[in-house]
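Okay, structure first, notes after.
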Amino acid sequence: MGVTISATHSSYSFDMGYGGFGNLRKNIALALDDAFGNMYLQYAKCVTEESLKANDKRCETIINEKGLDKECKDVLDFLYAPDTDGKISYKTCKKIADLLEPCMSALRNKCFRYAAYAGHDYEDFVAFLRECYRYHRNMRWY
């Protein structure tokens, strides 16, 4: 069982494991803000409730100091959404595409899909996000 990202009538669909979905969101967090992204990465190392709360507090401090909640609340909502049964608006899709595009050279050889489907993952994902924006489609994952 894993995660599928799609949109109604889209020519794209992305199948991945939960680790791949985490990698995708990790790279979006890094594209949003380097300091926040590096702290967001630390969630993978949280093994106790105490360490999770401490990391939440550090992330919240960065978000507040940099005003990320004002400009990118919807992107943050995506980053903190559950791994299943979620959706974002076409406007949020555009914001994420705009964040990822300047990072494409660094993401070129990275993948988040299952290995059998991997190849140009981030290029395809940005094209998918642009398609969602162009046709006013919500991105869904389940």
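Going by the structure tokens order, chains are called A, B, ..., each with residues numbered from 1, while ligands are numbered from 1 in the order shown.
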Legend entry - Residues within 12 Å of Ile96 in chain A, only C-alpha atoms, excluding chain neighbours under 5 positions, as an MDAnalysis selection string: chainID A and resid 24:25 27:32 72:79 88:91 101:103 122 125:130 132:133 139
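Taking range 3-103 of chain A and asking which residues DSSP calls strand (DSSP E or B) on the backbone, you get Val3, Thr4, Ile5, Ser6, Phe14, Asp15, Met16, Gly86, Lys87 and Ile88 of chain A.
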Inset, instruction - Determine, counting only C-alpha atoms, which protein, DNA and RNA residues have an atom within 8 Å of an atom of Met39 in chain A; residues of the same chain fewer than 4 positions away are not included. Present the result as a ChimeraX atom specification. - result: /A:35,43,55,58-59
Inset, instruction - Taking the DSSP assignment computed from this structure's backbone, write out as a PyMOL selection string all residues of chain A that belong to alpha helix (DSSP H). - result: chain A and resi 18-32+34-41+49-66+68-71+73-80+90-100+104-107+121-134
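Nearest-residue note for Leu68 in chain A: choosing from A:Gly37, A:Gly119, A:Gly86, A:Gly19, the minimum distance belongs to A:Gly37, counting only C-alpha atoms.
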Legend entry - Using only C-alpha atoms: which of A:Phe36, A:Tyr18, A:Tyr117, A:Tyr135 has the shortest distance to Val3 in chain A: A:Tyr18
List every residue of range 5-35 of chain A that has an atom at most 10 Å from any atom of range 82-85 of chain A, and for each one report the closest atom pair and its distance in Å to one decimal, counting only C-alpha atoms, with rows sorted by chain and then by increasing residue number, as a tab-separated table.
```
residue	atom	partner	partner_atom	distance
A:Ile5	CA	A:Thr84	CA	9.9
A:Tyr18	CA	A:Asp83	CA	7.3
A:Phe21	CA	A:Asp83	CA	7.7
A:Gly22	CA	A:Asp83	CA	8.5
```
